[in-house]
file entry37.txt (compact mmCIF, C-alpha atoms)
# COMPACT_ATOMS: atom_id res chain seq x y z
CA LEU A 1 0.00 0.00 0.00
CA GLU A 2 2.74 2.45 0.99
CA LEU A 3 4.86 1.50 -2.03
CA SER A 4 2.02 1.96 -4.52
CA GLY A 5 1.30 5.44 -3.12
CA LYS A 6 4.94 6.49 -3.41
CA VAL A 7 5.30 5.17 -6.95
CA GLU A 8 2.10 6.91 -8.09
CA LYS A 9 3.28 10.17 -6.56
CA CYS A 10 6.67 9.79 -8.23
CA PHE A 11 5.28 9.15 -11.69
CA MET A 12 2.16 11.31 -11.57
CA GLY A 13 3.02 14.08 -9.17
CA ASP A 14 0.92 15.47 -6.33
CA ASN A 15 -2.00 16.25 -8.61
CA ASN A 16 -1.93 12.84 -10.18
CA ALA A 17 -5.62 12.24 -10.68
CA ASP A 18 -9.03 13.87 -10.57
CA GLY A 19 -11.87 12.45 -8.53
CA HIS A 20 -12.77 9.79 -11.07
CA ASN A 21 -9.24 8.64 -11.81
CA GLN A 22 -8.37 8.66 -8.11
CA SER A 23 -10.68 5.69 -7.66
CA LEU A 24 -8.76 3.81 -10.37
CA LEU A 25 -5.39 4.08 -8.65
CA LEU A 26 -3.90 0.91 -7.19
CA SER A 27 -3.26 2.65 -3.86
CA THR A 28 -6.95 3.56 -3.59
CA LYS A 29 -8.03 0.02 -4.33
CA LEU A 30 -5.52 -1.37 -1.84
CA LYS A 31 -6.87 0.94 0.88
CA GLU A 32 -10.38 -0.27 0.18
CA LYS A 33 -9.18 -3.86 0.17
CA LYS A 34 -7.45 -3.45 3.53
CA VAL A 35 -10.59 -2.06 5.17
CA ARG A 36 -12.68 -4.90 3.81
CA LEU A 37 -10.05 -7.48 4.66
CA ASP A 38 -9.90 -6.32 8.28
CA LYS A 39 -13.68 -6.66 8.63
CA CYS A 40 -13.77 -10.13 7.04
CA LEU A 41 -10.80 -11.37 9.05
CA ALA A 42 -12.62 -10.28 12.20
CA VAL A 43 -15.55 -12.48 11.15
CA ASN A 44 -13.26 -15.46 10.58
CA ASP A 45 -11.60 -14.82 13.93
CA ARG A 46 -14.98 -15.05 15.66
CA VAL A 47 -15.72 -18.27 13.78
CA VAL A 48 -12.47 -19.90 14.93
CA HIS A 49 -13.15 -18.89 18.53
CA GLN A 50 -16.69 -20.24 18.19
CA LEU A 51 -15.50 -23.58 16.81
CA LEU A 52 -12.80 -24.02 19.44
CA ALA A 53 -14.92 -22.90 22.39
CA THR A 54 -15.02 -25.48 25.18
CA ASN A 55 -18.19 -24.28 26.91
CA SER A 56 -16.42 -24.45 30.26
CA LYS A 57 -18.55 -24.59 33.38
CA GLY A 58 -17.08 -24.83 36.81
CA GLY A 59 -13.60 -25.13 35.34
CA GLN A 60 -14.43 -28.25 33.33
CA SER A 61 -14.80 -28.52 29.60
CA SER A 62 -17.84 -30.33 28.25
CA LEU A 63 -15.90 -31.13 25.08
CA PHE A 64 -13.15 -32.84 27.05
CA ARG A 65 -15.85 -35.05 28.56
CA ASP A 66 -17.28 -35.85 25.12
CA VAL A 67 -14.00 -36.59 23.34
CA GLN A 68 -11.94 -39.70 24.05
CA PHE A 69 -8.22 -38.94 24.22
CA ILE A 70 -5.72 -41.65 23.31
CA PRO A 71 -2.35 -40.09 24.22
CA SER A 72 -0.26 -43.17 23.50
CA ALA A 73 1.76 -41.33 20.85
CA ALA A 74 2.86 -38.81 23.47
CA ALA A 75 3.96 -41.37 26.06
CA GLY A 76 7.53 -41.03 27.23
CA SER A 77 9.90 -43.72 28.38
CA THR A 78 8.53 -43.38 31.91
CA GLY A 79 5.03 -44.30 30.69
CA GLU A 80 3.69 -40.91 31.69
CA TYR A 81 2.06 -38.57 29.20
CA ASP A 82 3.10 -35.09 28.28
CA ASP A 83 0.51 -32.32 28.15
CA LEU A 84 -2.12 -32.13 25.41
CA GLY A 85 0.12 -29.97 23.26
CA GLN A 86 1.97 -33.08 22.11
CA LEU A 87 -1.28 -34.55 20.80
CA MET A 88 -1.62 -31.79 18.23
CA GLY A 89 -1.12 -33.14 14.71
CA ASN A 90 1.77 -31.69 12.72
CA GLY A 91 0.36 -32.20 9.23
CA GLY A 92 3.25 -34.41 8.19
CA LEU A 93 5.91 -31.82 8.97
CA VAL A 94 9.21 -33.32 10.04
CA GLU A 95 11.37 -30.21 10.35
CA GLY A 96 11.07 -26.67 11.59
CA GLY A 97 9.60 -27.18 15.06
CA GLU A 98 6.78 -25.05 16.45
CA THR A 99 7.56 -21.99 14.32
CA LYS A 100 7.20 -23.99 11.11
CA LYS A 101 4.08 -25.73 12.40
CA GLU A 102 2.32 -22.47 13.16
CA THR A 103 2.53 -21.38 9.53
CA ASP A 104 2.29 -24.60 7.52
CA GLY A 105 0.96 -27.22 9.93
CA TYR A 106 -2.41 -28.76 10.57
CA ASP A 107 -3.44 -27.07 13.83
CA THR A 108 -3.78 -23.47 12.71
CA ALA A 109 -6.69 -21.06 12.49
CA LEU A 110 -6.22 -20.97 8.73
CA GLN A 111 -6.60 -24.75 8.48
CA VAL A 112 -9.76 -24.61 10.60
CA ILE A 113 -11.24 -22.06 8.18
CA HIS A 114 -10.24 -24.08 5.10
CA HIS A 115 -11.53 -27.39 6.48
CA THR A 116 -14.78 -25.81 7.63
CA ALA A 117 -15.37 -24.37 4.16
CA ARG A 118 -14.55 -27.67 2.47
CA ASP A 119 -16.66 -29.84 4.78
CA TRP A 120 -19.61 -27.65 5.74
CA THR A 121 -20.44 -25.05 3.07
CA VAL A 122 -22.62 -25.35 -0.02
CA GLY A 123 -19.84 -24.03 -2.26
CA ALA A 124 -17.79 -27.19 -1.69
CA ALA A 125 -20.75 -29.53 -2.32
CA PRO A 126 -19.52 -30.62 -5.80
CA CYS A 127 -16.16 -31.63 -4.34
CA ARG A 128 -17.85 -33.52 -1.49
CA ASP A 129 -20.08 -35.35 -3.96
CA GLU A 130 -17.01 -36.72 -5.75
CA THR A 131 -15.22 -37.73 -2.56
CA ILE A 132 -17.20 -37.99 0.67
CA LEU A 133 -20.55 -38.95 -0.86
CA TRP A 134 -18.78 -41.35 -3.24
CA ILE A 135 -17.55 -43.22 -0.17
CA VAL A 136 -21.03 -43.21 1.39
CA ARG A 137 -22.57 -44.57 -1.81
CA ALA A 138 -19.96 -47.35 -1.91
CA ILE A 139 -20.83 -48.39 1.66
CA VAL A 140 -24.55 -48.37 0.89
CA GLN A 141 -24.01 -50.41 -2.26
CA TYR A 142 -21.98 -53.03 -0.42
CA TYR A 143 -24.56 -53.48 2.33
CA SER A 144 -27.39 -53.52 -0.19
CA CYS A 145 -26.09 -56.64 -1.96
CA ASP A 146 -25.85 -60.22 -0.77
CA GLY A 147 -22.11 -59.96 -0.10
CA GLY A 148 -22.54 -57.28 2.54
CA SER A 149 -23.06 -58.72 5.98
CA ASN A 150 -22.39 -57.69 9.55
CA ASP A 151 -23.28 -61.07 11.09
CA GLY A 152 -26.97 -60.34 11.50
CA ARG A 153 -26.41 -57.29 13.69
CA ASN A 154 -28.35 -54.11 12.92
CA ASP A 155 -25.46 -51.88 13.98
CA LEU A 156 -22.64 -51.02 11.59
CA ARG A 157 -19.34 -50.25 13.29
CA VAL A 158 -17.54 -47.62 11.22
CA LEU A 159 -14.15 -45.96 11.73
CA ILE A 160 -13.13 -42.75 9.96
CA PRO A 161 -9.36 -42.16 10.40
CA GLY A 162 -8.10 -38.66 9.63
CA ALA A 163 -11.64 -37.33 10.10
CA GLY A 164 -10.67 -33.66 10.05
CA LEU A 165 -13.77 -31.46 10.45
CA GLY A 166 -15.94 -34.57 10.43
CA ARG A 167 -18.19 -34.34 7.37
CA LEU A 168 -17.48 -37.89 6.15
CA ALA A 169 -18.19 -39.27 9.62
CA TYR A 170 -21.38 -37.22 9.79
CA GLU A 171 -22.62 -38.34 6.36
CA VAL A 172 -22.12 -42.00 7.25
CA ALA A 173 -23.71 -41.60 10.67
CA THR A 174 -26.84 -39.92 9.23
CA CYS A 175 -27.11 -41.97 6.02
CA LYS A 176 -30.81 -42.39 5.28
CA ASP A 177 -30.25 -45.23 2.80
CA LEU A 178 -28.71 -47.33 5.59
CA ILE A 179 -31.24 -46.35 8.25
CA VAL A 180 -34.28 -47.32 6.15
CA LYS A 181 -32.69 -50.76 5.61
CA GLY A 182 -32.52 -51.24 9.37
CA VAL A 183 -28.76 -50.69 9.52
CA VAL A 184 -27.73 -48.20 12.20
CA PRO A 185 -24.20 -46.79 11.77
CA HIS A 186 -22.09 -46.34 14.90
CA VAL A 187 -19.33 -44.07 13.69
CA GLU A 188 -16.02 -43.30 15.38
CA ALA A 189 -14.16 -40.29 13.98
CA ASN A 190 -10.44 -40.29 14.69
CA ASP A 191 -7.89 -37.55 14.18
CA SER A 192 -4.47 -36.72 15.59
CA SER A 193 -5.49 -33.09 16.00
CA VAL A 194 -7.28 -31.82 19.11
CA THR A 195 -8.02 -28.65 17.16
CA MET A 196 -9.89 -30.42 14.35
CA ILE A 197 -11.87 -32.66 16.68
CA PHE A 198 -12.93 -29.71 18.82
CA ALA A 199 -14.07 -27.80 15.74
CA ALA A 200 -15.92 -30.83 14.34
CA GLN A 201 -17.70 -31.40 17.64
CA ASN A 202 -18.88 -27.82 17.76
CA VAL A 203 -20.27 -27.98 14.21
CA ILE A 204 -22.22 -31.12 15.20
CA LYS A 205 -23.50 -29.28 18.27
CA MET A 206 -24.68 -26.45 16.04
CA LEU A 207 -26.68 -28.99 14.02
CA GLN A 208 -28.06 -30.57 17.17
CA GLN A 209 -29.16 -27.20 18.54
CA GLN A 210 -30.74 -26.28 15.22
CA GLN A 211 -32.75 -29.51 15.34
CA GLN A 212 -33.87 -28.70 18.89
CA TYR A 213 -35.05 -25.26 17.83
CA GLN A 214 -37.01 -26.73 14.91
CA HIS A 215 -38.56 -29.33 17.22
CA GLN A 216 -39.62 -26.52 19.55
CA GLN A 217 -41.09 -24.66 16.55
CA GLU A 218 -38.50 -21.92 16.78
CA GLU A 219 -37.45 -22.22 13.16
CA ASN A 220 -36.66 -18.52 12.97
CA ARG A 221 -33.65 -19.11 15.24
CA GLN A 222 -30.74 -19.86 12.94
CA LEU A 223 -27.38 -21.08 14.21
CA GLN A 224 -25.56 -20.95 10.89
CA SER A 225 -22.50 -18.73 10.73
CA ALA A 226 -20.86 -16.70 7.97
CA ILE A 227 -17.32 -17.48 6.89
CA TYR A 228 -14.88 -16.04 4.35
CA PRO A 229 -12.83 -19.02 3.11
CA PHE A 230 -10.75 -17.30 0.40
CA LEU A 231 -9.19 -14.38 2.27
CA SER A 232 -5.77 -15.99 2.57
CA ASP A 233 -5.54 -17.43 -0.93
CA ALA A 234 -2.30 -16.68 -2.76
CA GLN A 235 -2.29 -13.38 -4.65
CA VAL A 236 -1.34 -14.88 -8.00
CA ASN A 237 -3.43 -15.21 -11.17
CA GLU A 238 -6.15 -13.23 -9.41
CA ILE A 239 -8.64 -11.84 -11.93
CA ASP A 240 -11.18 -10.11 -9.69
CA ALA A 241 -10.33 -9.08 -6.12
CA ARG A 242 -14.00 -9.26 -5.19
CA LYS A 243 -13.91 -13.06 -5.45
CA ARG A 244 -11.61 -13.13 -2.43
CA PHE A 245 -14.42 -11.71 -0.29
CA GLU A 246 -17.16 -14.14 -1.27
CA MET A 247 -19.00 -15.36 1.81
CA GLU A 248 -20.15 -18.86 2.62
CA VAL A 249 -22.49 -20.06 5.37
CA PHE A 250 -22.01 -23.15 7.52
CA PRO A 251 -23.29 -25.68 8.26
CA ASP A 252 -25.02 -26.03 4.88
CA GLU A 253 -28.73 -26.78 4.51
CA HIS A 254 -28.09 -30.36 3.39
CA ALA A 255 -26.36 -31.07 6.71
CA VAL A 256 -29.25 -29.48 8.61
CA ASP A 257 -31.78 -31.55 6.66
CA SER A 258 -29.79 -34.77 7.21
CA TYR A 259 -29.86 -34.27 10.96
CA LYS A 260 -33.60 -33.63 10.91
CA CYS A 261 -34.22 -36.69 8.70
CA TYR A 262 -32.18 -38.93 11.00
CA HIS A 263 -34.02 -37.63 14.06
CA ASP A 264 -37.40 -38.13 12.37
CA LEU A 265 -36.53 -41.73 11.44
CA THR A 266 -34.95 -42.80 14.71
CA GLY A 267 -36.17 -40.36 17.36
CA THR A 268 -32.61 -39.90 18.58
CA HIS A 269 -29.30 -38.29 17.70
CA PRO A 270 -26.66 -39.80 15.37
CA ASN A 271 -24.26 -42.34 16.85
CA LEU A 272 -21.09 -40.35 16.31
CA SER A 273 -18.10 -40.31 18.66
CA PHE A 274 -14.67 -38.69 18.46
CA THR A 275 -11.25 -40.04 19.36
CA VAL A 276 -8.05 -38.02 19.47
CA GLY A 277 -4.88 -40.00 18.97
CA ASP A 278 -2.20 -41.14 16.56
CA PHE A 279 -3.71 -43.63 14.11
CA VAL A 280 -0.86 -46.16 14.13
CA SER A 281 -0.30 -46.37 17.88
CA THR A 282 -4.03 -46.26 18.68
CA TYR A 283 -5.42 -48.81 16.23
CA SER A 284 -2.54 -51.29 16.11
CA GLN A 285 -3.43 -52.34 19.64
CA GLN A 286 -4.73 -55.87 20.22
CA SER A 287 -7.99 -54.51 21.62
CA LYS A 288 -8.83 -53.06 18.17
CA GLN A 289 -8.65 -56.40 16.33
CA ASN A 290 -11.84 -57.19 14.35
CA GLN A 291 -13.65 -54.24 15.92
CA TYR A 292 -14.99 -52.53 12.77
CA ASP A 293 -17.24 -53.49 9.88
CA VAL A 294 -16.17 -50.51 7.77
CA VAL A 295 -13.08 -48.32 7.64
CA ALA A 296 -13.55 -45.29 5.39
CA THR A 297 -10.65 -43.03 4.46
CA SER A 298 -10.73 -39.82 2.47
CA PHE A 299 -7.45 -38.11 1.53
CA PHE A 300 -5.75 -39.97 4.37
CA ILE A 301 -3.47 -42.78 3.23
CA ASP A 302 -0.80 -40.45 1.84
CA THR A 303 -0.17 -39.18 5.40
CA ALA A 304 1.52 -42.50 6.22
CA THR A 305 5.15 -42.56 7.23
CA ASN A 306 5.15 -46.24 6.28
CA ILE A 307 2.16 -47.20 4.12
CA TYR A 308 2.62 -50.89 5.03
CA GLU A 309 1.69 -49.94 8.60
CA TYR A 310 -1.60 -48.42 7.44
CA ILE A 311 -2.43 -51.41 5.23
CA TYR A 312 -1.87 -54.04 7.90
CA ILE A 313 -3.61 -51.98 10.60
CA MET A 314 -6.67 -51.75 8.33
CA LYS A 315 -6.62 -55.54 7.97
CA HIS A 316 -6.13 -55.93 11.72
CA MET A 317 -9.15 -53.76 12.58
CA LEU A 318 -11.67 -55.12 10.09
CA ASP A 319 -14.03 -57.90 11.12
CA THR A 320 -14.96 -60.81 8.85
CA ASN A 321 -16.63 -59.47 5.68
CA GLY A 322 -15.58 -55.96 6.67
CA ILE A 323 -14.62 -53.45 3.98
CA TRP A 324 -12.15 -50.62 3.56
CA VAL A 325 -13.39 -47.82 1.30
CA ASN A 326 -10.77 -45.28 0.24
CA CYS A 327 -10.83 -42.13 -1.84
CA GLY A 328 -7.89 -39.82 -2.32
CA PRO A 329 -4.55 -39.27 -4.00
CA VAL A 330 -1.07 -40.56 -3.31
CA GLN A 331 0.45 -37.13 -2.78
CA TRP A 332 2.75 -38.49 -0.14
CA HIS A 333 3.48 -36.15 2.74
CA PRO A 334 7.05 -35.09 3.56
CA CYS A 335 7.22 -37.69 6.33
CA ALA A 336 6.62 -40.62 3.94
CA LEU A 337 9.44 -43.20 3.78
CA LEU A 338 7.67 -45.25 1.10
CA ARG A 339 5.99 -43.56 -1.87
CA PRO A 340 4.43 -46.24 -4.08
CA THR A 341 2.55 -45.45 -7.26
CA VAL A 342 -1.16 -46.25 -7.51
CA GLU A 343 -0.44 -49.52 -9.33
CA GLN A 344 2.22 -50.48 -6.81
CA LEU A 345 -0.22 -49.72 -3.99
CA LYS A 346 -2.77 -52.01 -5.64
CA ASP A 347 -0.23 -54.86 -5.61
CA MET A 348 0.65 -54.18 -1.96
CA LEU A 349 -3.01 -54.48 -0.97
CA GLN A 350 -3.38 -57.81 -2.75
CA VAL A 351 -0.20 -59.16 -1.14
CA ALA A 352 -1.61 -58.15 2.25
CA GLY A 353 -4.67 -60.30 1.59
CA PHE A 354 -7.27 -57.74 0.56
CA GLU A 355 -9.83 -58.73 -2.07
CA LEU A 356 -10.24 -55.75 -4.40
CA ILE A 357 -13.99 -55.54 -5.02
CA SER A 358 -13.69 -52.28 -6.94
CA TRP A 359 -10.67 -50.28 -8.08
CA SER A 360 -10.66 -47.19 -10.24
CA VAL A 361 -8.63 -44.06 -10.87
CA ALA A 362 -10.44 -40.79 -11.59
CA ASP A 363 -9.79 -39.21 -14.97
CA GLU A 364 -9.99 -35.69 -13.58
CA ALA A 365 -8.66 -34.08 -10.43
CA VAL A 366 -11.19 -33.15 -7.76

call {"tool": "encode", "arguments": {"input": "entry37.txt", "output": "structure tokens"}}
result
Amino acid sequence: LELSGKVEKCFMGDNNADGHNQSLLLSTKLKEKKVRLDKCLAVNDRVVHQLLATNSKGGQSSLFRDVQFIPSAAAGSTGEYDDLGQLMGNGGLVEGGETKKETDGYDTALQVIHHTARDWTVGAAPCRDETILWIVRAIVQYYSCDGGSNDGRNDLRVLIPGAGLGRLAYEVATCKDLIVKGVVPHVEANDSSVTMIFAAQNVIKMLQQQQQYQHQQEENRQLQSAIYPFLSDAQVNEIDARKRFEMEVFPDEHAVDSYKCYHDLTGTHPNLSFTVGDFVSTYSQQSKQNQYDVVATSFFIDTATNIYEYIYIMKHMLDTNGIWVNCGPVQWHPCALLRPTVEQLKDMLQVAGFELISWSVADEAV
């Protein structure tokens, strides 16, 4: 802003523009942008505080009571656990420490905004249809055919590793096509990040409160919040600055309707729980053997340090006739020691004993 003003003064002089042309100057537009940016950032700041609020009463956090913490990854040689800070996911970063993590890691305000927009706004619905809802449709299809069985039980035990802001877990938990068939999903959402799980829980609570208001015929009370997901996008190849300030609302109407539909069908709330902990150390335990009918992963497997660990843990967790449904790329994170191609990954799964019911590679990027 300061530089543009100085350059304009240098080239155009003090009387560089009349009233009309003044509005065309870059410095004028940057001033306007800064004012608008400050207002929109304040909105996003309130959203982050809202999503990470712990609703403390009497010094205790209701969210800490609702979330199961598995701090095994933070255990030291003495067997004692460090504080909750060590449970925060690092987004695959292996160098740089806390300073690096604050800018590029997983547990930042910026990541909360981005994940909220991707999981819970109408603007990201086309992307979710190709990823999250694709997974849900695959689960429904499997349990709609003769091959799908959960040993005569009406509950379907589902694990969602790397759940992030929780939309995949929510869509499975509220899936109408399963409910009407008498199959009730019991979904466990796991993530290494306390931040993401807290935010996901608060979005679910927003949906629950909205349903309560509708049940009490207070439909005029809306709990949806505004969000500006594009404020921090890179300033390259930008055609129209106004696009940066486009607003979205969360949670989207489809999520609100899904909660209402589930409640109308069952008379209760979705069976959705949250677990914070490192995937490998948490689910490789003997107690997790054969505990799930479905493991569903979306943009998760490329976070593996050793992909063989993920593959054999999936096999370890799944019960007889259980399925693993995966969607996502192999854009291996910096921590990855093994980086197989898609075809190599397919061979690894077969060697591990998986039967590949369906395997496809998308022609276009999502």

call {"tool": "atom_distance", "arguments": {"input": "entry37.txt", "atom1": "atom CA of A:Tyr308", "atom2": "atom CA of A:Val294"}}
result
19.0 Å

call {"tool": "closest_residue", "arguments": {"input": "entry37.txt", "among": "A:Ala163, A:Val7, A:Ile357, A:Val236", "to": "A:Ile139", "atoms": "all atoms listed in the file"}}
result
A:Ile357

call {"tool": "closest_residue", "arguments": {"input": "entry37.txt", "among": "A:Cys40, A:Val158, A:Val112, A:Leu338", "to": "A:Gly322", "atoms": "only C-alpha atoms"}}
result
A:Val158

call {"tool": "closest_residue", "arguments": {"input": "entry37.txt", "among": "A:Thr266, A:Gln209, A:Gln350, A:Ser298", "to": "A:Gly164", "atoms": "all atoms listed in the file"}}
result
A:Ser298

call {"tool": "closest_residue", "arguments": {"input": "entry37.txt", "among": "A:Thr305, A:Ser225, A:Ser281, A:Gln331", "to": "A:Asp252", "atoms": "only C-alpha atoms"}}
result
A:Ser225

call {"tool": "atom_distance", "arguments": {"input": "entry37.txt", "atom1": "atom CA of A:Lys315", "atom2": "atom CA of A:Trp359"}}
result
17.4 Å

call {"tool": "residues_around", "arguments": {"input": "entry37.txt", "residues": "A:His316", "least_positions_apart": "3", "cutoff": "9 Å", "atoms": "all atoms listed in the file", "output": "MDAnalysis selection string"}}
result
chainID A and resid 283:284 286 288:291 311:313 319

call {"tool": "write_last_selection", "arguments": {"input": "entry37.txt", "atoms": "C-alpha atoms", "output": "tab-separated table (two decimals), in the frame of the given file"}}
result
chain	number	residue	atom	x	y	z
A	283	TYR	CA	-5.42	-48.81	16.23
A	284	SER	CA	-2.54	-51.29	16.11
A	286	GLN	CA	-4.73	-55.87	20.22
A	288	LYS	CA	-8.83	-53.06	18.17
A	289	GLN	CA	-8.65	-56.40	16.33
A	290	ASN	CA	-11.84	-57.19	14.35
A	291	GLN	CA	-13.65	-54.24	15.92
A	311	ILE	CA	-2.43	-51.41	5.23
A	312	TYR	CA	-1.87	-54.04	7.90
A	313	ILE	CA	-3.61	-51.98	10.60
A	319	ASP	CA	-14.03	-57.90	11.12

call {"tool": "residues_around", "arguments": {"input": "entry37.txt", "residues": "stretch 353-355 of chain A", "least_positions_apart": "4", "cutoff": "10 Å", "atoms": "only C-alpha atoms", "output": "JSON, numbers by chain"}}
result
{"A": [311, 312, 314, 315, 323, 324, 346, 347, 348, 349]}

call {"tool": "atom_distance", "arguments": {"input": "entry37.txt", "atom1": "atom CA of A:Ala304", "atom2": "atom CA of A:Thr116"}}
result
23.4 Å

call {"tool": "closest_residue", "arguments": {"input": "entry37.txt", "among": "A:Val122, A:Leu25, A:Leu110, A:Leu231", "to": "A:Leu37", "atoms": "only C-alpha atoms"}}
result
A:Leu231

call {"tool": "residues_around", "arguments": {"input": "entry37.txt", "residues": "A:His269", "least_positions_apart": "5", "cutoff": "9 Å", "atoms": "only C-alpha atoms", "output": "ChimeraX atom specification"}}
result
/A:174,208,259,262-263

call {"tool": "closest_residue", "arguments": {"input": "entry37.txt", "among": "A:Leu178, A:Cys261, A:Ala169, A:Ile135", "to": "A:Ile204", "atoms": "all atoms listed in the file"}}
result
A:Ala169
